[in-house]
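Novice: For reference, the file upload.txt (compact mmCIF, C-alpha atoms) is included below:
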# COMPACT_ATOMS: atom_id res chain seq x y z
CA MET T 1451 0.00 0.00 0.00
CA LYS T 1452 2.81 2.31 1.02
CA SER T 1453 4.84 1.40 -2.01
CA THR T 1454 1.86 2.08 -4.31
CA LYS T 1455 1.45 5.52 -2.75
CA SER T 1456 5.09 6.41 -3.16
CA PHE T 1457 5.00 5.05 -6.69
CA ARG T 1458 2.11 7.38 -7.46
CA MET T 1459 4.10 10.31 -6.12
CA ILE T 1460 7.32 9.50 -7.89
CA THR T 1461 5.75 8.76 -11.27
CA PRO T 1462 4.71 12.37 -12.08
CA ILE T 1463 8.08 13.64 -10.88
CA ILE T 1464 9.90 11.23 -13.14
CA MET T 1465 7.56 12.06 -16.03
CA SER T 1466 8.18 15.78 -15.49
CA LEU T 1467 11.91 15.15 -15.44
CA PHE T 1468 11.55 13.11 -18.58
CA ILE T 1469 9.71 15.85 -20.45
CA LEU T 1470 12.01 18.57 -19.13
CA SER T 1471 15.06 16.59 -20.12
CA ILE T 1472 13.89 16.38 -23.71
CA PHE T 1473 13.33 20.12 -23.94
CA SER T 1474 16.49 20.97 -22.04
CA GLY T 1475 18.42 19.04 -24.67
CA VAL T 1476 16.83 20.95 -27.51
CA VAL T 1477 17.21 24.33 -25.84
CA ALA T 1478 20.78 23.59 -24.88
CA ALA T 1479 21.46 22.44 -28.41
CA GLN T 1480 20.19 25.69 -29.89
CA ALA T 1481 22.05 27.81 -27.39
CA ILE T 1482 25.29 25.93 -27.95
CA ALA T 1483 24.91 26.07 -31.73
CA GLY T 1484 24.47 29.84 -31.57
CA GLU T 1485 27.40 30.20 -29.20
CA GLN T 1486 29.59 28.09 -31.46
CA TYR T 1487 28.74 30.21 -34.46
CA GLU T 1488 29.48 33.38 -32.54
CA LYS T 1489 32.72 31.91 -31.26
CA ALA T 1490 33.81 30.87 -34.75
CA ASN T 1491 33.05 34.40 -35.93
CA GLU T 1492 35.03 35.95 -33.11
CA ILE T 1493 38.04 33.70 -33.71
CA TYR T 1494 38.04 34.51 -37.41
CA GLN T 1495 37.73 38.24 -36.77
CA ALA T 1496 40.49 38.18 -34.14
CA ASN T 1497 42.75 36.32 -36.57
CA LYS T 1498 41.94 38.77 -39.32
CA ASP T 1499 42.73 41.76 -37.09
CA ASN T 1500 45.96 40.12 -36.06
CA TYR T 1501 46.76 39.52 -39.74
CA ASP T 1502 46.18 43.20 -40.57
CA ASN T 1503 48.53 44.27 -37.77
CA ALA T 1504 51.15 41.72 -38.75
CA ARG T 1505 50.97 42.86 -42.36
CA LYS T 1506 51.52 46.47 -41.37
CA ASN T 1507 54.46 45.58 -39.12
CA PHE T 1508 55.96 43.45 -41.86
CA GLU T 1509 55.63 46.15 -44.51
CA ASP T 1510 57.27 48.67 -42.18
CA ALA T 1511 60.15 46.34 -41.29
CA LYS T 1512 60.61 45.41 -44.96
CA ASN T 1513 60.85 49.08 -45.98
CA ILE T 1514 63.36 49.81 -43.24
CA PHE T 1515 65.41 46.76 -44.18
CA GLU T 1516 65.42 47.53 -47.91
CA LYS T 1517 66.55 51.11 -47.31
CA ALA T 1518 69.26 49.97 -44.91
CA ASN T 1519 70.37 47.28 -47.32
CA LYS T 1520 70.85 49.89 -50.04
CA GLN T 1521 72.74 52.30 -47.82
CA LEU T 1522 74.62 50.06 -45.42
CA GLY T 1523 75.17 47.13 -47.76
CA LYS T 1524 77.92 49.01 -49.54
CA LEU T 1525 79.72 49.92 -46.32
CA LYS T 1526 81.96 47.26 -44.90
CA ASP T 1527 82.69 48.70 -41.44
CA GLU T 1528 81.66 46.72 -38.40
CA ASN T 1529 78.98 49.13 -37.19
CA SER T 1530 77.21 49.21 -40.53
CA THR T 1531 77.32 45.43 -40.84
CA GLU T 1532 75.97 45.03 -37.34
CA GLU T 1533 73.15 47.53 -37.92
CA LEU T 1534 72.19 45.84 -41.17
CA LYS T 1535 72.19 42.45 -39.48
CA GLN T 1536 69.82 43.75 -36.82
CA LYS T 1537 67.47 45.22 -39.41
CA THR T 1538 67.56 41.99 -41.43
CA LYS T 1539 66.72 40.01 -38.33
CA ASP T 1540 63.82 42.30 -37.53
CA TYR T 1541 62.51 42.05 -41.09
CA LEU T 1542 62.73 38.25 -41.05
CA LEU T 1543 60.99 37.96 -37.70
CA ARG T 1544 58.18 40.24 -38.90
CA ALA T 1545 57.88 38.20 -42.07
CA ILE T 1546 57.53 35.03 -40.00
CA ASP T 1547 54.85 36.67 -37.83
CA PHE T 1548 53.02 37.79 -40.94
CA ALA T 1549 53.13 34.30 -42.47
CA GLN T 1550 51.87 32.78 -39.23
CA ALA T 1551 49.04 35.31 -39.06
CA GLN T 1552 48.03 34.46 -42.61
CA LEU T 1553 48.00 30.78 -41.72
CA GLN T 1554 45.69 31.46 -38.80
CA VAL T 1555 43.19 33.29 -41.02
CA MET T 1556 43.32 30.37 -43.45
CA LYS T 1557 42.77 27.95 -40.61
CA SER T 1558 39.67 29.82 -39.41
CA ARG T 1559 38.23 29.80 -42.91
CA VAL T 1560 38.96 26.11 -43.35
CA GLU T 1561 37.52 25.21 -39.96
CA ASN T 1562 34.37 27.24 -40.64
CA SER T 1563 33.83 25.74 -44.07
CA GLU T 1564 31.35 22.96 -44.68
CA ILE T 1565 32.47 19.50 -43.66
CA GLU T 1566 34.09 17.67 -46.56
CA SER T 1567 34.01 20.72 -48.80
CA ILE T 1568 37.81 20.53 -48.65
CA PRO T 1569 38.70 16.99 -49.70
CA PHE T 1570 41.90 16.75 -47.65
CA ASN T 1571 43.17 17.71 -44.24
CA ALA T 1572 44.12 21.32 -44.83
CA VAL T 1573 44.43 22.01 -41.11
CA THR T 1574 47.29 19.48 -40.80
CA ILE T 1575 49.17 21.23 -43.60
CA ILE T 1576 48.55 24.64 -42.04
CA ASP T 1577 49.70 23.42 -38.62
CA GLY T 1578 52.78 21.92 -40.25
CA HIS T 1579 53.73 25.28 -41.74
CA THR T 1580 53.11 27.00 -38.43
CA ALA T 1581 55.53 24.59 -36.75
CA GLN T 1582 58.10 25.13 -39.52
CA LEU T 1583 57.86 28.88 -39.05
CA GLU T 1584 58.28 28.53 -35.32
CA GLN T 1585 61.54 26.67 -35.89
CA MET T 1586 62.63 29.33 -38.36
CA LYS T 1587 62.00 31.98 -35.74
CA SER T 1588 64.48 30.32 -33.37
CA LYS T 1589 67.02 30.05 -36.16
CA VAL T 1590 66.72 33.73 -37.01
CA GLU T 1591 66.90 34.79 -33.37
CA GLN T 1592 70.08 32.77 -32.88
CA ALA T 1593 71.70 33.76 -36.19
CA ASN T 1594 74.99 35.62 -35.79
CA SER T 1595 76.39 35.87 -39.26
CA THR T 1596 75.07 37.45 -42.42
CA GLN T 1597 75.28 34.07 -44.11
CA GLU T 1598 73.03 32.49 -41.49
CA LEU T 1599 70.47 35.22 -42.10
CA LYS T 1600 70.73 34.72 -45.86
CA ASP T 1601 70.14 31.00 -45.44
CA ALA T 1602 67.14 31.66 -43.22
CA HIS T 1603 65.71 34.04 -45.81
CA LYS T 1604 66.13 31.43 -48.53
CA GLU T 1605 64.41 28.81 -46.43
CA LEU T 1606 61.60 31.21 -45.52
CA LYS T 1607 61.07 32.04 -49.17
CA GLU T 1608 60.50 28.39 -49.99
CA ILE T 1609 57.92 28.04 -47.23
CA VAL T 1610 56.22 31.28 -48.24
CA VAL T 1611 55.86 30.13 -51.85
CA ASP T 1612 53.90 27.11 -50.61
CA ILE T 1613 51.84 29.17 -48.15
CA ASN T 1614 50.88 31.67 -50.84
CA LEU T 1615 49.82 28.97 -53.26
CA GLU T 1616 47.96 27.00 -50.62
CA THR T 1617 46.14 30.15 -49.45
CA ARG T 1618 44.81 30.75 -52.94
CA TYR T 1619 43.97 27.07 -53.41
CA TYR T 1620 42.20 26.49 -50.09
CA MET T 1621 40.35 29.79 -50.15
CA GLY T 1622 39.44 29.03 -53.77
CA ILE T 1623 37.85 25.76 -52.65
CA VAL T 1624 35.92 27.56 -49.90
CA LEU T 1625 34.72 30.16 -52.42
CA ASN T 1626 33.71 27.45 -54.91
CA ASN T 1627 31.66 25.79 -52.26
CA ARG T 1628 29.89 29.03 -51.44
CA ILE T 1629 29.22 29.67 -55.12
CA ASP T 1630 27.74 26.17 -55.50
CA ASN T 1631 25.46 26.77 -52.53
CA PHE T 1632 24.48 30.19 -53.83
CA ILE T 1633 23.55 28.72 -57.22
CA ILE T 1634 21.27 26.19 -55.52
CA LYS T 1635 19.70 29.07 -53.60
CA VAL T 1636 19.10 31.26 -56.66
CA ASP T 1637 17.44 28.36 -58.45
CA ASN T 1638 14.90 28.33 -55.66
CA VAL T 1639 14.57 32.13 -55.82
CA SER T 1640 13.90 31.85 -59.56
CA ILE T 1641 10.90 29.57 -58.95
CA ARG T 1642 9.51 32.00 -56.39
CA LEU T 1643 9.89 35.00 -58.66
CA ASP T 1644 8.12 33.18 -61.50
CA SER T 1645 5.32 32.20 -59.20
CA ALA T 1646 4.90 35.77 -57.96
CA ILE T 1647 4.69 37.10 -61.51
CA GLU T 1648 2.11 34.51 -62.49
CA LYS T 1649 -0.17 35.52 -59.65
CA LEU T 1650 0.28 39.23 -60.23
CA LYS T 1651 -0.43 38.72 -63.90
CA ALA T 1652 -3.53 36.70 -63.18
CA ASN T 1653 -4.67 39.60 -61.06
CA GLY T 1654 -4.40 41.99 -63.98
CA ASN T 1655 -1.15 43.71 -62.96
CA ASP T 1656 1.34 44.92 -65.53
CA THR T 1657 4.34 42.70 -64.93
CA THR T 1658 6.41 43.65 -67.99
CA LYS T 1659 9.19 45.23 -65.95
CA LEU T 1660 9.24 42.43 -63.42
CA GLU T 1661 9.37 39.84 -66.20
CA LYS T 1662 12.33 41.61 -67.79
CA GLU T 1663 14.13 41.63 -64.44
CA VAL T 1664 13.51 37.93 -63.94
CA ALA T 1665 14.71 37.20 -67.48
CA ASP T 1666 17.92 39.16 -66.82
CA PHE T 1667 18.29 37.39 -63.49
CA LYS T 1668 17.96 33.98 -65.16
CA ASP T 1669 20.39 34.96 -67.87
CA ALA T 1670 23.00 36.02 -65.30
CA VAL T 1671 22.49 32.80 -63.34
CA LYS T 1672 22.87 30.74 -66.52
CA LYS T 1673 26.17 32.44 -67.34
CA ALA T 1674 27.38 31.98 -63.78
CA LYS T 1675 26.54 28.28 -63.92
CA GLU T 1676 28.54 27.85 -67.11
CA PHE T 1677 31.58 29.48 -65.54
CA GLN T 1678 31.14 27.45 -62.40
CA ILE T 1679 31.14 24.16 -64.31
CA LYS T 1680 34.48 25.12 -65.82
CA THR T 1681 35.85 26.17 -62.44
CA ASN T 1682 34.79 22.93 -60.81
CA ASP T 1683 36.46 20.97 -63.62
CA LEU T 1684 39.69 22.87 -63.01
CA TYR T 1685 39.53 22.30 -59.28
CA ALA T 1686 38.82 18.60 -59.82
CA THR T 1687 42.14 18.34 -61.68
CA HIS T 1688 43.99 20.72 -59.29
CA ASN T 1689 47.15 20.96 -61.37
CA GLY T 1690 50.24 21.61 -59.30
CA PHE T 1691 48.68 20.25 -56.12
CA ALA T 1692 48.61 16.70 -54.79
CA ASN T 1693 45.41 15.02 -53.65
CA ASP T 1694 46.46 15.71 -50.07
CA GLY T 1695 46.55 19.47 -50.76
CA ASN T 1696 50.33 19.89 -50.83
CA VAL T 1697 52.06 21.83 -53.58
CA THR T 1698 53.76 19.57 -56.12
CA ASN T 1699 54.63 22.02 -58.87
CA GLU T 1700 54.79 25.78 -58.31
CA ARG T 1701 54.45 26.74 -61.96
CA ASN T 1702 51.49 24.46 -62.67
CA GLY T 1703 49.88 25.47 -59.41
CA ASN T 1704 50.16 29.14 -60.31
CA ARG T 1705 48.70 28.57 -63.74
CA PHE T 1706 45.78 26.56 -62.40
CA LEU T 1707 45.01 29.15 -59.73
CA GLU T 1708 45.18 32.02 -62.19
CA GLN T 1709 42.71 30.28 -64.49
CA GLY T 1710 40.48 29.33 -61.58
CA ASN T 1711 40.55 32.82 -60.12
CA LYS T 1712 39.66 34.37 -63.46
CA LEU T 1713 36.67 32.06 -63.80
CA GLN T 1714 35.55 32.66 -60.23
CA LYS T 1715 35.65 36.41 -60.82
CA GLU T 1716 33.40 35.97 -63.86
CA THR T 1717 31.05 33.74 -61.88
CA THR T 1718 30.76 36.13 -58.96
CA LYS T 1719 30.28 39.04 -61.38
CA ASP T 1720 27.30 37.25 -62.93
CA LEU T 1721 25.95 36.22 -59.57
CA ARG T 1722 26.24 39.81 -58.41
CA ASN T 1723 24.23 40.86 -61.46
CA ALA T 1724 21.65 38.21 -60.59
CA GLY T 1725 21.57 39.43 -56.98
CA ASN T 1726 21.08 43.01 -58.15
CA GLN T 1727 18.17 41.89 -60.32
CA VAL T 1728 16.55 40.26 -57.31
CA VAL T 1729 16.95 43.45 -55.26
CA GLN T 1730 15.50 45.48 -58.14
CA PHE T 1731 12.64 43.00 -58.50
CA VAL T 1732 11.73 43.37 -54.84
CA LYS T 1733 11.91 47.16 -55.13
CA ASP T 1734 9.63 47.19 -58.17
CA LEU T 1735 7.28 44.69 -56.63
CA ARG T 1736 6.97 46.95 -53.61
CA ARG T 1737 6.39 49.94 -55.84
CA LEU T 1738 3.68 48.05 -57.67
CA VAL T 1739 2.06 47.10 -54.40
CA VAL T 1740 2.28 50.65 -53.06
CA ASN T 1741 0.74 52.03 -56.26
CA LYS T 1742 -2.03 49.48 -55.99
CA GLU T 1743 -2.51 50.49 -52.41
CA LYS T 1744 -2.77 54.15 -53.34
CA ALA T 1745 -5.29 53.32 -56.04
CA SER T 1746 -7.24 51.27 -53.55
CA LYS T 1747 -7.13 54.14 -51.04
CA ASN T 1748 -8.55 56.50 -53.63
CA ASP T 1749 -11.23 53.97 -54.52
CA ASN T 1750 -12.11 53.57 -50.89
CA LEU T 1751 -12.16 57.32 -50.32
CA ASP T 1752 -14.42 57.77 -53.26
CA LEU T 1753 -16.70 55.04 -52.19
CA THR T 1754 -16.74 55.18 -48.44
CA GLY T 1755 -14.81 58.28 -47.48
CA LYS T 1756 -12.46 56.40 -45.16
CA VAL T 1757 -9.33 54.32 -45.49
CA THR T 1758 -8.33 51.41 -43.30
CA PRO T 1759 -4.81 50.34 -44.13
CA THR T 1760 -3.76 47.07 -42.55
CA PRO T 1761 -0.20 46.98 -41.30
CA THR T 1762 1.48 43.61 -41.68
CA ALA T 1763 4.16 42.36 -39.33
CA GLY T 1764 7.63 42.94 -40.76
CA GLY T 1765 6.15 44.20 -43.97
CA ILE T 1766 4.44 47.21 -45.41
CA ALA T 1767 1.02 48.54 -44.65
CA THR T 1768 -1.54 47.62 -47.19
CA THR T 1769 -5.16 48.29 -47.82
CA PRO T 1770 -7.13 45.24 -48.73
CA ALA T 1771 -9.23 46.07 -51.72
CA SER T 1772 -10.78 44.24 -54.54
CA GLY T 1773 -8.08 43.26 -56.95
CA GLY T 1774 -5.37 44.58 -54.61
CA VAL T 1775 -2.19 42.81 -53.60
CA THR T 1776 -0.91 42.37 -50.09
CA THR T 1777 2.80 41.84 -49.84
CA THR T 1778 4.35 40.74 -46.61
CA LEU T 1779 8.09 41.10 -46.64
CA THR T 1780 9.91 39.35 -43.91
CA LYS T 1781 13.49 38.16 -43.78
CA GLY T 1782 13.98 35.30 -46.16
CA GLU T 1783 10.43 35.21 -47.41
CA ALA T 1784 7.95 37.41 -49.15
CA THR T 1785 4.32 36.58 -49.33
CA THR T 1786 2.18 38.17 -51.96
CA THR T 1787 -1.50 37.84 -51.34
CA ASN T 1788 -3.95 38.84 -53.94
CA THR T 1789 -6.91 40.11 -52.09
CA ALA T 1790 -9.24 39.57 -54.98
CA SER T 1791 -11.62 36.84 -54.08
CA GLN T 1792 -10.64 34.54 -56.92
CA LEU T 1793 -6.95 34.48 -55.93
CA GLY T 1794 -5.27 32.63 -53.13
CA ASP T 1795 -2.03 33.21 -51.29
CA ASP T 1796 1.19 33.03 -53.12
CA GLU T 1797 4.66 32.77 -51.68
CA ILE T 1798 7.54 34.30 -53.52
CA MET S 123 8.68 -0.94 -9.05
CA LYS S 124 9.32 -2.17 -12.56
CA MET S 125 7.54 0.84 -13.95
CA LEU S 126 9.70 3.08 -11.79
CA TYR S 127 12.87 1.56 -13.19
CA ILE S 128 11.53 1.92 -16.71
CA LEU S 129 10.80 5.59 -16.12
CA ILE S 130 14.24 6.20 -14.66
CA VAL S 131 15.79 4.51 -17.68
CA LEU S 132 13.62 6.64 -19.95
CA ALA S 133 14.67 9.80 -18.15
CA VAL S 134 18.35 8.89 -18.49
CA ALA S 135 17.76 8.06 -22.14
CA ALA S 136 16.09 11.42 -22.67
CA PHE S 137 19.06 13.24 -21.16
CA THR S 138 21.33 11.26 -23.40
CA LEU S 139 19.16 12.06 -26.41
CA GLY S 140 19.36 15.69 -25.46
CA CYS S 141 23.11 15.41 -25.56
CA ILE S 142 23.02 13.63 -28.90
CA ASP S 143 20.76 16.29 -30.28
CA ARG S 144 23.17 18.93 -29.05
CA ASN S 145 26.07 17.23 -30.79
CA GLN S 146 24.14 17.05 -34.01
CA SER S 147 23.44 20.74 -33.82
CA GLU S 148 27.10 21.41 -33.25
CA THR S 149 27.80 19.50 -36.43
CA THR S 150 25.11 21.44 -38.20
CA ILE S 151 26.64 24.73 -37.21
CA VAL S 152 29.95 23.56 -38.59
CA ASN S 153 28.14 22.55 -41.73
CA THR S 154 26.11 25.64 -42.26
CA GLY S 155 27.43 28.22 -39.87
CA GLN S 156 29.92 29.60 -42.28
CA ASN S 157 29.22 33.24 -42.46
CA PRO S 158 32.04 34.82 -40.57
CA VAL S 159 32.05 38.36 -41.77
CA SER S 160 35.29 40.22 -42.08
CA SER S 161 35.43 43.92 -41.69
CA GLY S 162 39.13 44.21 -42.29
CA GLY S 163 41.23 43.47 -45.33
CA SER S 164 40.12 45.46 -48.29
CA PRO S 165 40.24 43.71 -51.66
CA VAL S 166 43.46 44.26 -53.55
CA THR S 167 41.75 45.23 -56.80
CA ALA S 168 39.22 48.06 -56.92
CA ALA S 169 35.76 47.00 -58.00
CA THR S 170 34.41 48.35 -61.26
CA PRO S 171 30.80 49.60 -61.33
CA SER S 172 29.57 46.30 -62.81
CA GLU S 173 31.20 44.47 -59.93
CA VAL S 174 29.40 46.43 -57.26
CA THR S 175 26.49 44.84 -55.50
CA GLN S 176 23.42 47.00 -55.35
CA THR S 177 22.91 47.75 -51.69
CA PRO S 178 19.37 46.87 -50.76
CA ALA S 179 17.34 49.00 -48.41
CA PRO S 180 16.31 47.36 -45.14
CA GLY S 181 13.87 44.57 -45.89
CA GLU S 182 14.81 44.31 -49.55
CA ASP S 183 17.35 41.51 -49.15
CA ILE S 184 14.49 39.12 -48.57
CA PHE S 185 16.30 36.07 -49.95
CA GLY S 186 19.61 36.84 -48.27
CA THR S 187 21.39 37.05 -51.63
CA TYR S 188 23.07 40.33 -50.75
CA SER S 189 24.56 38.99 -47.54
CA ASP S 190 25.69 35.82 -49.35
CA LEU S 191 27.44 37.91 -51.98
CA ALA S 192 29.08 40.01 -49.29
CA THR S 193 30.39 36.83 -47.65
CA MET S 194 31.73 35.64 -51.00
CA ASP S 195 33.55 38.94 -51.39
CA ASN S 196 35.18 38.38 -48.02
CA VAL S 197 36.40 34.94 -49.04
CA SER S 198 37.69 36.45 -52.28
CA SER S 199 39.61 39.05 -50.33
CA ASP S 200 41.17 36.25 -48.25
CA MET S 201 42.31 34.65 -51.50
CA ASP S 202 44.35 37.77 -52.12
CA MET S 203 46.40 37.28 -48.95
CA GLN S 204 49.95 36.97 -50.23
CA ILE S 205 53.33 37.47 -48.61
CA ALA S 206 55.82 39.33 -50.78
CA LEU S 207 59.35 38.94 -49.41
CA SER S 208 62.31 41.01 -50.49
CA ASN S 209 64.10 39.68 -53.53
CA GLU S 210 67.46 39.43 -51.84
CA ILE S 211 69.20 40.09 -48.61
Would you mind writing the file's structure down as structure tokens?
Specialist:
Amino acid sequence: MKSTKSFRMITPIIMSLFILSIFSGVVAAQAIAGEQYEKANEIYQANKDNYDNARKNFEDAKNIFEKANKQLGKLKDENSTEELKQKTKDYLLRAIDFAQAQLQVMKSRVENSEIESIPFNAVTIIDGHTAQLEQMKSKVEQANSTQELKDAHKELKEIVVDINLETRYYMGIVLNNRIDNFIIKVDNVSIRLDSAIEKLKANGNDTTKLEKEVADFKDAVKKAKEFQIKTNDLYATHNGFANDGNVTNERNGNRFLEQGNKLQKETTKDLRNAGNQVVQFVKDLRRLVVNKEKASKNDNLDLTGKVTPTPTAGGIATTPASGGVTTTLTKGEATTTNTASQLGDDEI
Amino acid sequence: MKMLYILIVLAVAAFTLGCIDRNQSETTIVNTGQNPVSSGGSPVTAATPSEVTQTPAPGEDIFGTYSDLATMDNVSSDMDMQIALSNEI
């Protein structure tokens, strides 16, 4: 009897815990996901700021070194040689800092990119270079002779060639991935724009301008897709780079990246045009809606002497009227509702 | 008592599921959370008028295309990161 009573008491507690635990997981998941995104953003931005500082310091040290090299390099006295050595050392150390900062920006980008969008372990390569540079730093700090500094410079140059090529390659892959995703997105946008025009047309609106904008948008997307196919082919071959992402041939790598970069610029130019057409479309759609609204207001004034505009959340105020169009613009979605009785809702 | 044990097991399982769900979301954010926006690092080459994205007024970037293009520009600017060492020392 006693056990039954306690069982009755414990059961709801356990059930409550059970339900709470499910929700706590979901809530925690969302909170952690948001935090992770913010954290990734912060790390990237901190690395980028550090890179900008390192670049400035490097450029300054390089200028000082090059001037000193011109002036002091000719002089053979001990003081001049010593001063030049110090300036060379400073320049090399700044160059190493700069290269390390660049690697950190690359690393953030790679780590924030979609899983498996980079088909090799880029982070391992980046970390390897960072370790190499750290060793170089010790060498430079301990260098006493001009020859030692010259050797360090030569070694650094070889590492930097690889870092520069890998930066362009890895960032190129990240960009390609974003372009691919964007193309998928604009295909979806295209369907929505077509659908919106159809409904507006059915409602007796003049959609000539909107249709032209959609046609231009589609044309730009088509061109972008053609360029992107070529770019993806190039990146599938990745001349000058091994499958593991390491540089195998500097010359071939440079050629491949130049071709790829040229194509990517064309693709993004066309996508930008497409994006501009979308923005223009939305502007003109709004204008059309506002004009309709004004016409409806006048009609209402004429007929009833009063206007009752209906504000829509996140969108623009509209006046429902026969044959009018209600457009609700919220982030990521626009809903155009023909208020004429024969038309239903339509999502752009 | 059996029921009690079952409920305790269920509660533990739910906590675990919560954790699993959290991990999946972490993966998702790695998958899709890729919009770090850079304010620094201006592109090396100046954009020509045809390369400029029309800046939408608030509420006009309803499909997020403008922000996507801005992110692409940032990645492009990272592609331009290059170290130019002195020719000789």
Novice: May I ask which of the residues S:Asn196, S:Phe185, S:Val131, S:Ala206 is the closest one to chain T, counting only C-alpha atoms?
Specialist: S:Phe185
Novice: Rounded to one decimal in Å, what is the spacing between CA of Ala1686 (chain T) and CA of Leu1606 (chain T)?
Specialist: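 Interatomic distance here is 29.7 Å.
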Novice: Quick one: everything within 10 Å of Lys1673 (chain T), counting all atoms listed in the file, minus sequence neighbours fewer than 2 positions away in the same chain. Send it as a PyMOL selection string.
Specialist: chain T and resi 1668-1671+1675-1678+1716-1717+1719-1721+1724
Novice: Contacts of Ala1602 (chain T) at 10 Å or less, counting all atoms listed in the file, minus same-chain residues fewer than 6 places along, as a list in words?
Specialist: Lys1539, Leu1542, Met1586, Lys1587, Lys1589, Val1590, Ala1593 and Thr1596 of chain T
Novice: Could you jot down the CA of Lys1712 (chain T) to CA of Ala1504 (chain T) separation for me, Å, one decimal place?
Specialist: 28.2 Å
Novice: Just how far from CA of Arg1618 (chain T) is CA of Gly1703 (chain T), in Å to one decimal?
Specialist: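 Distance between the two atoms: 9.8 Å.
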Novice: Counting all atoms listed in the file, find residues at most 12 Å from (22.0, 48.3, -52.9) (file frame) and give them as a PyMOL selection string.
Specialist: (chain T and resi 1722-1723+1725-1730+1732-1733) or (chain S and resi 174-183+187-189+191-192)
Novice: Using C-alpha atoms, can you write the selected residues to a file as a PDB file, keeping the file's coordinate frame?
Specialist:
ATOM      1  CA  ARG T1722      26.240  39.810 -58.410  1.00  0.00           C
ATOM      2  CA  ASN T1723      24.230  40.860 -61.460  1.00  0.00           C
ATOM      3  CA  GLY T1725      21.570  39.430 -56.980  1.00  0.00           C
ATOM      4  CA  ASN T1726      21.080  43.010 -58.150  1.00  0.00           C
ATOM      5  CA  GLN T1727      18.170  41.890 -60.320  1.00  0.00           C
ATOM      6  CA  VAL T1728      16.550  40.260 -57.310  1.00  0.00           C
ATOM      7  CA  VAL T1729      16.950  43.450 -55.260  1.00  0.00           C
ATOM      8  CA  GLN T1730      15.500  45.480 -58.140  1.00  0.00           C
ATOM      9  CA  VAL T1732      11.730  43.370 -54.840  1.00  0.00           C
ATOM     10  CA  LYS T1733      11.910  47.160 -55.130  1.00  0.00           C
TER      11      LYS T1733
ATOM     12  CA  VAL S 174      29.400  46.430 -57.260  1.00  0.00           C
ATOM     13  CA  THR S 175      26.490  44.840 -55.500  1.00  0.00           C
ATOM     14  CA  GLN S 176      23.420  47.000 -55.350  1.00  0.00           C
ATOM     15  CA  THR S 177      22.910  47.750 -51.690  1.00  0.00           C
ATOM     16  CA  PRO S 178      19.370  46.870 -50.760  1.00  0.00           C
ATOM     17  CA  ALA S 179      17.340  49.000 -48.410  1.00  0.00           C
ATOM     18  CA  PRO S 180      16.310  47.360 -45.140  1.00  0.00           C
ATOM     19  CA  GLY S 181      13.870  44.570 -45.890  1.00  0.00           C
ATOM     20  CA  GLU S 182      14.810  44.310 -49.550  1.00  0.00           C
ATOM     21  CA  ASP S 183      17.350  41.510 -49.150  1.00  0.00           C
ATOM     22  CA  THR S 187      21.390  37.050 -51.630  1.00  0.00           C
ATOM     23  CA  TYR S 188      23.070  40.330 -50.750  1.00  0.00           C
ATOM     24  CA  SER S 189      24.560  38.990 -47.540  1.00  0.00           C
ATOM     25  CA  LEU S 191      27.440  37.910 -51.980  1.00  0.00           C
ATOM     26  CA  ALA S 192      29.080  40.010 -49.290  1.00  0.00           C
TER      27      ALA S 192
END
